[in-house]
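Asker: Input entry.txt, format and content: compact mmCIF, C-alpha atoms and all ligand atoms.
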# COMPACT_ATOMS: atom_id res chain seq x y z
CA MET A 1 -25.91 12.25 12.78
CA GLN A 2 -28.16 9.27 12.44
CA PHE A 3 -26.31 6.09 11.59
CA ASN A 4 -28.10 2.80 11.10
CA SER A 5 -25.92 -0.02 12.42
CA ASP A 6 -28.04 -2.69 10.68
CA ARG A 7 -27.56 -0.94 7.35
CA LEU A 8 -23.81 -0.60 7.92
CA SER A 9 -23.65 -4.25 8.91
CA TYR A 10 -25.60 -5.24 5.77
CA TYR A 11 -23.34 -3.33 3.38
CA PHE A 12 -20.16 -4.48 5.12
CA THR A 13 -21.24 -8.12 4.94
CA THR A 14 -22.38 -7.80 1.34
CA LEU A 15 -19.08 -6.23 0.24
CA CYS A 16 -16.99 -8.83 2.07
CA GLU A 17 -18.91 -11.65 0.38
CA ILE A 18 -18.27 -10.32 -3.13
CA ASP A 19 -15.00 -11.89 -4.31
CA SER A 20 -12.40 -9.29 -5.24
CA PRO A 21 -8.87 -10.68 -5.34
CA SER A 22 -6.26 -8.41 -6.88
CA LYS A 23 -6.74 -8.06 -10.66
CA GLU A 24 -10.33 -9.36 -10.35
CA GLU A 25 -12.11 -6.40 -8.83
CA ALA A 26 -14.67 -5.87 -11.64
CA LYS A 27 -17.58 -7.59 -9.89
CA LEU A 28 -17.21 -5.41 -6.79
CA SER A 29 -16.56 -2.33 -8.92
CA THR A 30 -19.79 -2.85 -10.88
CA TYR A 31 -21.80 -3.36 -7.68
CA LEU A 32 -20.43 -0.15 -6.18
CA GLN A 33 -20.75 1.96 -9.32
CA ASP A 34 -24.42 0.95 -9.60
CA LEU A 35 -24.97 1.71 -5.91
CA PHE A 36 -23.42 5.18 -6.10
CA GLN A 37 -25.40 5.96 -9.27
CA ASP A 38 -28.57 4.99 -7.40
CA LEU A 39 -27.54 7.27 -4.52
CA GLY A 40 -27.39 10.19 -6.93
CA ALA A 41 -23.69 10.58 -7.69
CA ASP A 42 -22.88 13.57 -9.91
CA LEU A 43 -20.12 11.62 -11.61
CA VAL A 44 -18.98 8.02 -11.77
CA PHE A 45 -15.83 7.66 -13.79
CA GLU A 46 -13.65 4.58 -14.39
CA ASP A 47 -10.09 5.17 -15.62
CA ASP A 48 -8.02 3.13 -18.07
CA SER A 49 -5.48 1.92 -15.49
CA SER A 50 -6.32 -1.72 -16.26
CA ARG A 51 -3.96 -1.36 -19.23
CA PHE A 52 -1.13 -0.98 -16.73
CA THR A 53 -2.34 -3.06 -13.81
CA GLY A 54 -3.66 -6.09 -15.68
CA SER A 55 -6.86 -5.93 -13.63
CA ASP A 56 -10.27 -6.70 -15.14
CA CYS A 57 -11.34 -3.11 -14.34
CA GLY A 58 -9.88 0.31 -13.71
CA ASN A 59 -9.80 2.55 -10.68
CA PHE A 60 -13.02 4.52 -10.38
CA VAL A 61 -13.99 7.91 -9.00
CA VAL A 62 -17.37 8.92 -7.59
CA ARG A 63 -18.24 12.58 -7.10
CA PHE A 64 -20.95 14.15 -4.97
CA SER A 65 -20.91 17.91 -5.48
CA GLY A 66 -22.51 18.77 -2.14
CA SER A 67 -24.15 22.10 -1.38
CA ARG A 68 -21.34 23.71 0.61
CA THR A 69 -18.84 25.90 -1.18
CA ASP A 70 -17.03 27.26 1.87
CA ALA A 71 -14.49 24.44 2.16
CA ASP A 72 -12.07 22.75 -0.22
CA PRO A 73 -13.30 19.57 -1.90
CA VAL A 74 -12.03 16.42 -0.20
CA PHE A 75 -11.55 12.83 -1.35
CA PHE A 76 -11.67 9.51 0.43
CA ASN A 77 -9.84 6.49 -0.90
CA CYS A 78 -10.26 2.74 -0.38
CA HIS A 79 -8.82 -0.16 -2.33
CA LEU A 80 -11.13 -2.72 -3.90
CA ASP A 81 -8.86 -5.75 -3.76
CA VAL A 82 -8.38 -8.16 -0.88
CA ILE A 83 -5.34 -10.24 0.00
CA LYS A 84 -5.58 -14.04 -0.41
CA PRO A 85 -7.09 -16.35 0.75
CA CYS A 86 -10.20 -14.37 -0.06
CA LEU A 87 -12.52 -16.45 -2.27
CA GLY A 88 -15.96 -17.42 -0.96
CA VAL A 89 -15.80 -15.30 2.20
CA LYS A 90 -18.58 -16.09 4.69
CA VAL A 91 -18.94 -13.35 7.27
CA ARG A 92 -19.63 -14.42 10.87
CA ARG A 93 -20.83 -11.90 13.41
CA ILE A 94 -20.42 -12.57 17.12
CA ASN A 95 -22.07 -9.74 19.05
CA ASP A 96 -20.14 -6.61 18.05
CA VAL A 97 -17.35 -8.34 16.09
CA PHE A 98 -17.17 -9.56 12.49
CA TYR A 99 -14.94 -12.49 11.53
CA SER A 100 -14.57 -14.72 8.50
CA SER A 101 -15.53 -18.38 8.83
CA GLY A 102 -11.85 -19.13 9.41
CA ASP A 103 -10.60 -20.30 6.04
CA THR A 104 -10.31 -16.88 4.37
CA VAL A 105 -9.47 -13.36 5.39
CA LEU A 106 -12.50 -11.26 6.30
CA GLY A 107 -11.75 -8.44 3.89
CA ALA A 108 -12.30 -5.60 6.36
CA ASP A 109 -9.07 -4.44 4.73
CA ASP A 110 -10.39 -2.49 2.92
CA LYS A 111 -14.13 -3.16 2.64
CA ALA A 112 -14.81 -1.73 6.10
CA GLY A 113 -13.62 1.60 4.68
CA ILE A 114 -16.00 1.29 1.72
CA ALA A 115 -18.94 0.33 3.95
CA ILE A 116 -18.22 3.32 6.20
CA LEU A 117 -18.30 5.67 3.21
CA ILE A 118 -21.62 4.21 2.04
CA GLU A 119 -23.18 4.55 5.50
CA VAL A 120 -22.00 8.14 5.95
CA LEU A 121 -23.25 9.11 2.53
CA ILE A 122 -26.70 7.57 3.06
CA ALA A 123 -26.99 9.20 6.49
CA ILE A 124 -26.12 12.61 5.04
CA ILE A 125 -28.58 12.20 2.16
CA LEU A 126 -31.43 11.08 4.43
CA GLU A 127 -30.81 14.00 6.81
CA ASN A 128 -30.54 16.42 3.91
CA LYS A 129 -27.40 17.69 5.62
CA PRO A 130 -25.24 20.23 3.70
CA PHE A 131 -21.81 18.73 2.95
CA ILE A 132 -18.66 19.78 1.17
CA PRO A 133 -17.84 18.50 -2.33
CA VAL A 134 -16.47 14.98 -2.00
CA GLU A 135 -14.94 12.36 -4.24
CA PHE A 136 -14.41 8.68 -3.51
CA VAL A 137 -11.43 7.09 -5.22
CA PHE A 138 -11.51 3.31 -5.40
CA THR A 139 -8.27 1.67 -6.49
CA THR A 140 -7.39 -1.78 -7.76
CA CYS A 141 -4.34 -3.96 -7.06
CA GLU A 142 -3.25 -2.22 -3.85
CA GLU A 143 -2.23 -5.49 -2.25
CA ILE A 144 0.16 -6.46 -5.05
CA GLY A 145 2.28 -3.34 -5.14
CA LEU A 146 -0.09 -0.34 -5.10
CA LEU A 147 -0.50 -0.76 -8.86
CA GLY A 148 -3.86 1.01 -9.21
CA ALA A 149 -2.76 4.10 -7.27
CA LYS A 150 0.51 4.15 -9.21
CA ALA A 151 -1.46 4.28 -12.47
CA PHE A 152 -4.07 6.78 -11.22
CA ASP A 153 -4.12 10.28 -12.71
CA PRO A 154 -4.99 12.71 -9.89
CA ALA A 155 -5.71 15.43 -12.46
CA SER A 156 -9.14 13.78 -12.80
CA LEU A 157 -10.05 14.97 -9.28
CA VAL A 158 -11.41 18.30 -8.10
CA ALA A 159 -10.45 17.41 -4.50
CA LYS A 160 -7.50 19.25 -3.01
CA TYR A 161 -6.65 16.77 -0.23
CA GLY A 162 -7.89 13.52 1.13
CA TYR A 163 -7.86 10.49 3.36
CA SER A 164 -7.26 6.82 2.73
CA LEU A 165 -9.45 4.67 4.97
CA ASP A 166 -6.92 1.89 5.29
CA SER A 167 -5.18 1.47 8.63
CA VAL A 168 -5.55 -0.42 11.88
CA GLY A 169 -6.80 1.07 15.14
CA VAL A 170 -9.33 3.87 15.60
CA ASP A 171 -8.69 7.56 16.02
CA ASN A 172 -5.30 6.95 14.40
CA VAL A 173 -4.16 9.24 11.62
CA ILE A 174 -1.08 8.18 9.68
CA ILE A 175 0.82 11.24 8.52
CA GLY A 176 4.12 9.73 7.40
CA ALA A 177 5.31 6.62 5.62
CA PRO A 178 8.71 5.65 4.26
CA ALA A 179 9.78 5.65 0.67
CA SER A 180 10.90 2.26 -0.59
CA TYR A 181 13.34 1.28 -3.30
CA GLY A 182 13.88 -2.28 -4.38
CA PHE A 183 17.31 -3.31 -5.56
CA SER A 184 18.80 -6.21 -7.46
CA ALA A 185 22.48 -7.12 -7.65
CA GLU A 186 23.38 -9.50 -10.46
CA ILE A 187 26.90 -10.90 -10.25
CA HIS A 188 28.43 -12.49 -13.30
CA GLY A 189 31.38 -14.82 -12.62
CA LEU A 190 32.80 -17.60 -14.79
CA ALA A 191 31.56 -21.18 -15.01
CA SER A 192 33.95 -24.11 -14.87
CA HIS A 193 33.82 -27.74 -13.78
CA ALA A 194 34.24 -27.67 -10.02
CA GLY A 195 36.13 -30.98 -9.88
CA LEU A 196 38.10 -31.03 -13.14
CA ARG A 197 38.96 -27.34 -13.76
CA PRO A 198 38.43 -25.58 -10.45
CA ARG A 199 41.12 -22.97 -11.15
CA HIS A 200 39.29 -21.74 -14.25
CA GLY A 201 36.09 -20.53 -12.60
CA ILE A 202 34.95 -17.40 -10.75
CA SER A 203 32.27 -18.22 -8.17
CA ALA A 204 29.54 -15.63 -8.32
CA ILE A 205 28.09 -17.10 -5.10
CA GLN A 206 31.33 -16.64 -3.19
CA LEU A 207 31.59 -13.03 -4.34
CA ALA A 208 27.97 -12.45 -3.32
CA ALA A 209 28.62 -13.94 0.10
CA GLN A 210 31.60 -11.66 0.65
CA ALA A 211 29.57 -8.60 -0.30
CA VAL A 212 26.50 -9.54 1.77
CA SER A 213 28.65 -10.14 4.86
CA ARG A 214 29.74 -6.51 4.69
CA LEU A 215 26.27 -4.99 4.24
CA PRO A 216 24.27 -3.46 7.08
CA LEU A 217 20.86 -5.17 7.11
CA GLY A 218 17.78 -4.92 9.32
CA ARG A 219 17.06 -1.69 11.19
CA LEU A 220 19.80 0.77 10.29
CA ASP A 221 18.41 3.68 12.33
CA ASP A 222 15.04 4.87 13.57
CA GLU A 223 14.03 5.91 10.04
CA THR A 224 15.71 3.33 7.81
CA THR A 225 15.55 -0.43 7.20
CA ALA A 226 17.24 -2.70 4.67
CA ASN A 227 16.70 -6.31 3.67
CA ILE A 228 17.86 -8.89 1.15
CA GLY A 229 14.94 -11.24 0.70
CA LEU A 230 15.79 -13.37 -2.32
CA ILE A 231 18.90 -15.06 -3.68
CA ALA A 232 19.11 -17.29 -6.74
CA GLY A 233 21.95 -18.62 -8.82
CA GLY A 234 24.06 -21.57 -9.87
CA THR A 235 23.20 -24.58 -12.00
CA ALA A 236 24.68 -27.72 -10.38
CA THR A 237 26.81 -28.78 -7.42
CA ASN A 238 29.71 -29.62 -9.72
CA ILE A 239 29.68 -26.32 -11.63
CA ILE A 240 31.32 -23.18 -10.32
CA PRO A 241 28.39 -20.73 -10.50
CA ASP A 242 28.78 -17.99 -13.10
CA TYR A 243 25.65 -16.09 -12.01
CA VAL A 244 23.80 -15.11 -8.88
CA ARG A 245 21.08 -12.56 -8.29
CA LEU A 246 20.12 -10.99 -4.99
CA ASP A 247 16.95 -8.95 -4.49
CA GLY A 248 16.20 -6.67 -1.60
CA GLU A 249 14.77 -3.34 -0.52
CA VAL A 250 15.68 -0.23 1.42
CA ARG A 251 13.02 1.90 3.16
CA SER A 252 13.46 5.21 4.88
CA HIS A 253 11.49 8.22 6.07
CA ASP A 254 14.52 10.26 4.92
CA LEU A 255 15.24 10.16 1.20
CA ALA A 256 18.87 11.21 1.62
CA LYS A 257 19.49 8.27 3.97
CA LEU A 258 17.74 5.94 1.56
CA HIS A 259 19.96 6.95 -1.35
CA THR A 260 23.12 6.88 0.81
CA THR A 261 22.27 3.31 1.80
CA LEU A 262 21.65 2.24 -1.80
CA ASP A 263 24.96 3.81 -2.83
CA LEU A 264 26.71 1.93 -0.03
CA PHE A 265 25.15 -1.34 -1.19
CA LYS A 266 26.15 -0.82 -4.82
CA ASN A 267 29.68 0.26 -3.90
CA THR A 268 30.13 -2.72 -1.58
CA PHE A 269 29.26 -5.16 -4.36
CA GLN A 270 31.48 -3.24 -6.76
CA ASP A 271 34.41 -3.12 -4.30
CA VAL A 272 34.26 -6.88 -3.73
CA LEU A 273 34.28 -7.53 -7.47
CA SER A 274 37.05 -4.99 -8.13
CA GLY A 275 39.13 -6.59 -5.40
CA TRP A 276 38.86 -10.08 -6.87
CA GLN A 277 42.18 -11.46 -7.98
CA ASP A 278 42.94 -14.72 -9.74
CA PRO A 279 45.30 -16.57 -7.36
CA HIS A 280 46.41 -18.93 -10.14
CA HIS A 281 46.86 -16.41 -12.95
CA VAL A 282 45.02 -18.56 -15.48
CA ILE A 283 41.83 -16.49 -16.03
CA THR A 284 41.68 -13.43 -18.26
CA ALA A 285 37.99 -12.64 -17.53
CA ARG A 286 36.80 -10.42 -14.65
CA PRO A 287 33.59 -10.69 -12.63
CA SER A 288 31.01 -8.03 -13.33
CA LEU A 289 28.03 -6.45 -11.62
CA VAL A 290 24.64 -5.22 -12.82
CA PHE A 291 22.95 -3.22 -10.06
CA SER A 292 19.56 -1.58 -10.31
CA ALA A 293 17.37 0.13 -7.72
CA PRO A 294 13.87 1.08 -8.92
CA GLU A 295 11.51 3.06 -6.73
CA GLN A 296 8.70 0.94 -5.27
CA TYR A 297 6.80 3.81 -3.70
CA PRO A 298 7.58 7.43 -2.83
CA LEU A 299 7.86 9.13 0.54
CA MET A 300 4.82 10.38 2.44
CA LYS A 301 5.27 13.17 4.99
CA LEU A 302 2.47 15.53 6.06
CA THR A 303 3.12 18.70 8.04
CA ALA A 304 1.02 19.92 10.97
CA ASP A 305 -0.42 22.71 8.82
CA SER A 306 -1.42 20.46 5.91
CA LEU A 307 -5.13 20.29 5.08
CA PRO A 308 -5.67 16.64 6.09
CA VAL A 309 -4.18 17.27 9.52
CA VAL A 310 -5.91 20.61 10.11
CA ARG A 311 -9.31 19.33 9.00
CA ALA A 312 -8.96 16.10 10.99
CA ARG A 313 -8.27 18.17 14.12
CA GLN A 314 -11.32 20.35 13.44
CA ALA A 315 -13.58 17.35 12.78
CA SER A 316 -12.43 15.44 15.86
CA SER A 317 -12.69 18.43 18.20
CA LEU A 318 -16.36 18.78 17.21
CA LEU A 319 -16.76 15.18 18.36
CA SER A 320 -14.77 15.93 21.52
CA ARG A 321 -12.27 13.31 20.49
CA SER A 322 -8.51 13.48 20.26
CA LEU A 323 -6.69 11.79 17.41
CA GLN A 324 -3.24 10.23 17.41
CA PHE A 325 -1.01 11.38 14.55
CA LEU A 326 1.49 8.62 13.77
CA PRO A 327 4.05 7.45 11.21
CA ALA A 328 3.65 4.08 9.46
CA GLY A 329 6.30 1.54 8.53
CA GLY A 330 5.00 0.62 5.10
CA GLY A 331 3.67 2.10 1.89
CA SER A 332 0.07 2.42 0.76
CA ASP A 333 -1.94 4.15 -1.94
CA ALA A 334 -1.57 7.39 0.04
CA ASN A 335 2.15 7.50 -0.77
CA PHE A 336 1.28 7.97 -4.44
CA PHE A 337 -1.45 10.55 -3.82
CA ASN A 338 0.97 12.60 -1.73
CA ALA A 339 3.70 12.32 -4.33
CA ALA A 340 1.21 13.57 -6.93
CA GLY A 341 0.63 16.74 -4.92
CA LEU A 342 -2.56 15.68 -3.11
CA PRO A 343 -1.91 15.78 0.64
CA THR A 344 -3.45 12.57 1.95
CA ALA A 345 -3.55 11.08 5.45
CA ILE A 346 -4.53 7.53 6.33
CA LEU A 347 -7.28 6.91 8.86
CA GLY A 348 -7.46 3.91 11.15
CA ILE A 349 -10.80 2.15 10.61
CA GLY A 350 -10.65 -0.44 13.39
CA MET A 351 -9.63 -3.51 11.39
CA GLU A 352 -7.40 -5.93 13.31
CA ASN A 353 -5.15 -8.91 12.45
CA VAL A 354 -5.24 -7.89 8.81
CA HIS A 355 -3.70 -10.17 6.18
CA SER A 356 -4.62 -13.24 8.23
CA ILE A 357 -7.61 -15.55 8.58
CA SER A 358 -8.20 -14.15 12.07
CA GLU A 359 -8.83 -10.67 10.65
CA ASN A 360 -11.72 -9.01 12.48
CA ILE A 361 -13.42 -5.70 13.07
CA LYS A 362 -15.92 -4.29 15.54
CA LEU A 363 -19.13 -2.71 14.31
CA SER A 364 -18.73 -0.09 17.05
CA ASP A 365 -15.31 0.86 15.67
CA MET A 366 -16.73 1.24 12.16
CA LEU A 367 -19.43 3.52 13.56
CA ARG A 368 -16.76 5.51 15.38
CA THR A 369 -14.85 6.04 12.13
CA ALA A 370 -18.11 6.88 10.37
CA GLU A 371 -18.64 9.71 12.88
CA LEU A 372 -15.25 11.15 12.02
CA VAL A 373 -15.86 10.91 8.26
CA TYR A 374 -19.31 12.49 8.73
CA SER A 375 -17.72 15.32 10.70
CA LEU A 376 -15.04 15.83 8.03
CA LEU A 377 -17.76 16.18 5.40
CA THR A 378 -20.02 18.51 7.33
CA CYS A 379 -17.81 20.64 9.59
ZN ZN B 1 -5.46 -2.15 2.92
Re-express the file's structure as structure tokens.
Ligand SMILES: [Zn+2]

Answerer:
Amino acid sequence: MQFNSDRLSYYFTTLCEIDSPSKEEAKLSTYLQDLFQDLGADLVFEDDSSRFTGSDCGNFVVRFSGSRTDADPVFFNCHLDVIKPCLGVKVRRINDVFYSSGDTVLGADDKAGIAILIEVLIAIILENKPFIPVEFVFTTCEEIGLLGAKAFDPASLVAKYGYSLDSVGVDNVIIGAPASYGFSAEIHGLASHAGLRPRHGISAIQLAAQAVSRLPLGRLDDETTANIGLIAGGTATNIIPDYVRLDGEVRSHDLAKLHTTLDLFKNTFQDVLSGWQDPHHVITARPSLVFSAPEQYPLMKLTADSLPVVRARQASSLLSRSLQFLPAGGGSDANFFNAAGLPTAILGIGMENVHSISENIKLSDMLRTAELVYSLLTC
């Protein structure tokens, strides 16, 4: 394989310096669609997910049919959007390492992945190297809740499995990630003047406090975490609050544990409210609860005999490299691809300190990932 580090550096820098905050990915999308057309893509297709995501463009798919028919088609995924602050990125390179100028993120998350795909593709084309059918799936709005992947229809792909280029480290392959459910508990009490008619109110905040003090929060076991991150309610210091809302999340690598925890949370709130008694016998109303727990993202769990794992082992052994297969603590686009029946692993691409202005990446690590992607496409 013949990679050109100057070319990779050029495309990486160019991509980072095109603004693409979440919901405003169109400029980057247009640049990339034109580039892949020029490189001879067999299909460039943009979906209608912007209706759901609110972005100024959809997800888009690029297909190169390849000349090999002896292996299943594969896809590679990157997200187009970058977390803030990300406007006016100026890339600085110090020897082998790329940084931003210090007032924005760099955007290696996830533009390093895109640049790697471009470099591998150009290298393969210039070498006239036979490769398996491949699709690139570029998603919008990953950083604001995986919205593009959630709205993506995998039926538009011919690929049978894939890889998201979207994790830290190199030679890391993420094969598991938790499912996550958000939850909200809305407690309705009864308002009354706190100084003049204190016996005629039901404090929603006090009930919430009682319930929260009984909940297990933080790390519940090695697979499960729970958090309440927001609380809002009340209207004034002299009014007994008739409403409070708490928002949180539960994550687990085990769906049964996740649902058991959510049930415990709901029942704890309900038990506190059911146990409320009016000490003065002057109120006929009762406090009430509205509890909801929508899925944020589904579980991801790949087995050792799944295509992404088997092919990654093959590709890395040809490079005489060993990969680390690891679980992750958070969700990504890959959770949705897996849930849709497309086994998808996540590859580390070398980015470091992501989601901060000290984000950086080594050119040598991008080249190392490019070797693995090249091997996946040609082995
Ligand atoms: Zn990312």

Asker: Can you tell me which residues surround region 16-21 of chain A at a distance of at most 10 Å, considering only C-alpha atoms, apart from same-chain residues fewer than 3 positions away, and format the answer as an NGL selection string?

Answerer: :A and (11-13 or 24-29 or 31 or 55 or 80-91 or 100 or 105-112 or 115 or 140-141 or 143-144)

Asker: Do you have the CA of Ala159 (chain A)-CA of Ala123 (chain A) distance handy?

Answerer: 21.5 Å

Asker: Measuring between all atoms listed in the file, which one of A:Ala312, A:Leu264, A:Val62, A:Ala204 shows the shortest distance to Leu121 (chain A)?

Answerer: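 Of all the options, A:Val62 lies closest to Leu121 (chain A).
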
Asker: I want to know what sits within 8 Å of Glu135 (chain A), based on only C-alpha atoms, with residues of the same chain fewer than 5 positions away left out; could you give that as a ChimeraX atom specification?

Answerer: /A:61-64,73-76,157-159

Asker: Which residues, written as a PyMOL selection string, have at least one atom at most 10 Å from Ser358 (chain A), with only C-alpha atoms counted and residues fewer than 5 positions away on the same chain left out?

Answerer: chain A and resi 99-106+352-353

Asker: Hey, can you spit out that residue selection with C-alpha atoms as a tab-separated table (two decimals), in the coordinates of the input?

Answerer:
chain	number	residue	atom	x	y	z
A	99	TYR	CA	-14.94	-12.49	11.53
A	100	SER	CA	-14.57	-14.72	8.50
A	101	SER	CA	-15.53	-18.38	8.83
A	102	GLY	CA	-11.85	-19.13	9.41
A	103	ASP	CA	-10.60	-20.30	6.04
A	104	THR	CA	-10.31	-16.88	4.37
A	105	VAL	CA	-9.47	-13.36	5.39
A	106	LEU	CA	-12.50	-11.26	6.30
A	352	GLU	CA	-7.40	-5.93	13.31
A	353	ASN	CA	-5.15	-8.91	12.45

Asker: Which of these residues is nearest to Gly201 (chain A), using only C-alpha atoms: A:Asp47, A:Asp221, A:Asp278, A:Asp247?

Answerer: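 Closest candidate: A:Asp278.
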
Asker: So, with only C-alpha atoms as the atoms that count, which of A:Ser364, A:Ala41, A:Gly162, A:Asn227 lies closest to Leu302 (chain A)?

Answerer: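 So, comparing all the options, the nearest one is A:Gly162.
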
Asker: Excluding region 338-344 of chain A and residues on its chain fewer than 3 positions from it, collect all residues at most 10 Å away from it, counting only C-alpha atoms, and give them as a PyMOL selection string.

Answerer: chain A and resi 74-77+150+152-155+157+159-164+174-176+297-303+306-309+333-335+347

Asker: Of the residues A:Ser167, A:Asn4, A:Gln33, A:Ser213, which is the one nearest to ligand ZN 1 (chain B), using all atoms listed in the file?

Answerer: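 Residue with the minimum atom-to-atom distance to ligand ZN 1 (chain B): A:Ser167.
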
Asker: Identify which of the residues A:Ser203, A:Ser332, A:Ser156, A:Asn59 lies closest to ligand ZN 1 (chain B), counting only C-alpha atoms and all ligand atoms when measuring atom-to-atom distances.

Answerer: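 With only C-alpha atoms and all ligand atoms as the atom set, the closest residue is A:Ser332.
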
Asker: Region 287-306 of chain A, all listed atoms, 8 Å padding on each side: what axis-aligned box centre and edge lengths in Å to one decimal come out, as JSON?

Answerer:
{"center_x": 16.1, "center_y": 6.0, "center_z": -1.2, "size_x": 51.0, "size_y": 49.4, "size_z": 40.3}

Asker: I'd like to know which of A:Ile346, A:Leu207, A:Ala191, A:Ile116 is closest to Gly275 (chain A), using all atoms listed in the file.

Answerer: A:Leu207

Asker: Which polymer residues have any atom within 9 Å of an atom of Ile132 (chain A), counting all atoms listed in the file, with same-chain residues fewer than 5 positions away left out, as an MDAnalysis selection string?

Answerer: chainID A and resid 64:74 376:379

Asker: Could you add whatever atoms are missing so that region 41-54 of chain A carries N, CA and C atoms, then write the result as a compact mmCIF listing (two decimals), keeping the file's coordinate frame?

Answerer:
# COMPACT_ATOMS: atom_id res chain seq x y z
N ALA A 41 -25.02 10.02 -7.42
CA ALA A 41 -23.69 10.58 -7.69
C ALA A 41 -23.74 11.53 -8.88
N ASP A 42 -22.96 12.62 -8.79
CA ASP A 42 -22.88 13.57 -9.91
C ASP A 42 -21.93 13.09 -11.00
N LEU A 43 -21.05 12.18 -10.62
CA LEU A 43 -20.12 11.62 -11.61
C LEU A 43 -19.66 10.26 -11.13
N VAL A 44 -19.65 9.29 -12.03
CA VAL A 44 -18.98 8.02 -11.77
C VAL A 44 -18.08 7.79 -12.97
N PHE A 45 -16.79 7.68 -12.71
CA PHE A 45 -15.83 7.66 -13.79
C PHE A 45 -14.80 6.56 -13.55
N GLU A 46 -14.66 5.64 -14.51
CA GLU A 46 -13.65 4.58 -14.39
C GLU A 46 -12.48 4.90 -15.31
N ASP A 47 -11.26 4.81 -14.79
CA ASP A 47 -10.09 5.17 -15.62
C ASP A 47 -9.60 3.97 -16.43
N ASP A 48 -8.53 4.20 -17.19
CA ASP A 48 -8.02 3.13 -18.07
C ASP A 48 -6.79 2.43 -17.48
N SER A 49 -6.68 2.47 -16.13
CA SER A 49 -5.48 1.92 -15.49
C SER A 49 -5.34 0.42 -15.67
N SER A 50 -6.43 -0.26 -16.08
CA SER A 50 -6.32 -1.72 -16.26
C SER A 50 -5.28 -2.08 -17.31
N ARG A 51 -5.01 -1.12 -18.22
CA ARG A 51 -3.96 -1.36 -19.23
C ARG A 51 -2.60 -1.56 -18.57
N PHE A 52 -2.42 -0.90 -17.43
CA PHE A 52 -1.13 -0.98 -16.73
C PHE A 52 -1.13 -2.02 -15.62
N THR A 53 -2.29 -2.19 -14.98
CA THR A 53 -2.34 -3.06 -13.81
C THR A 53 -2.61 -4.52 -14.17
N GLY A 54 -3.26 -4.73 -15.33
CA GLY A 54 -3.66 -6.09 -15.68
C GLY A 54 -4.94 -6.53 -14.98
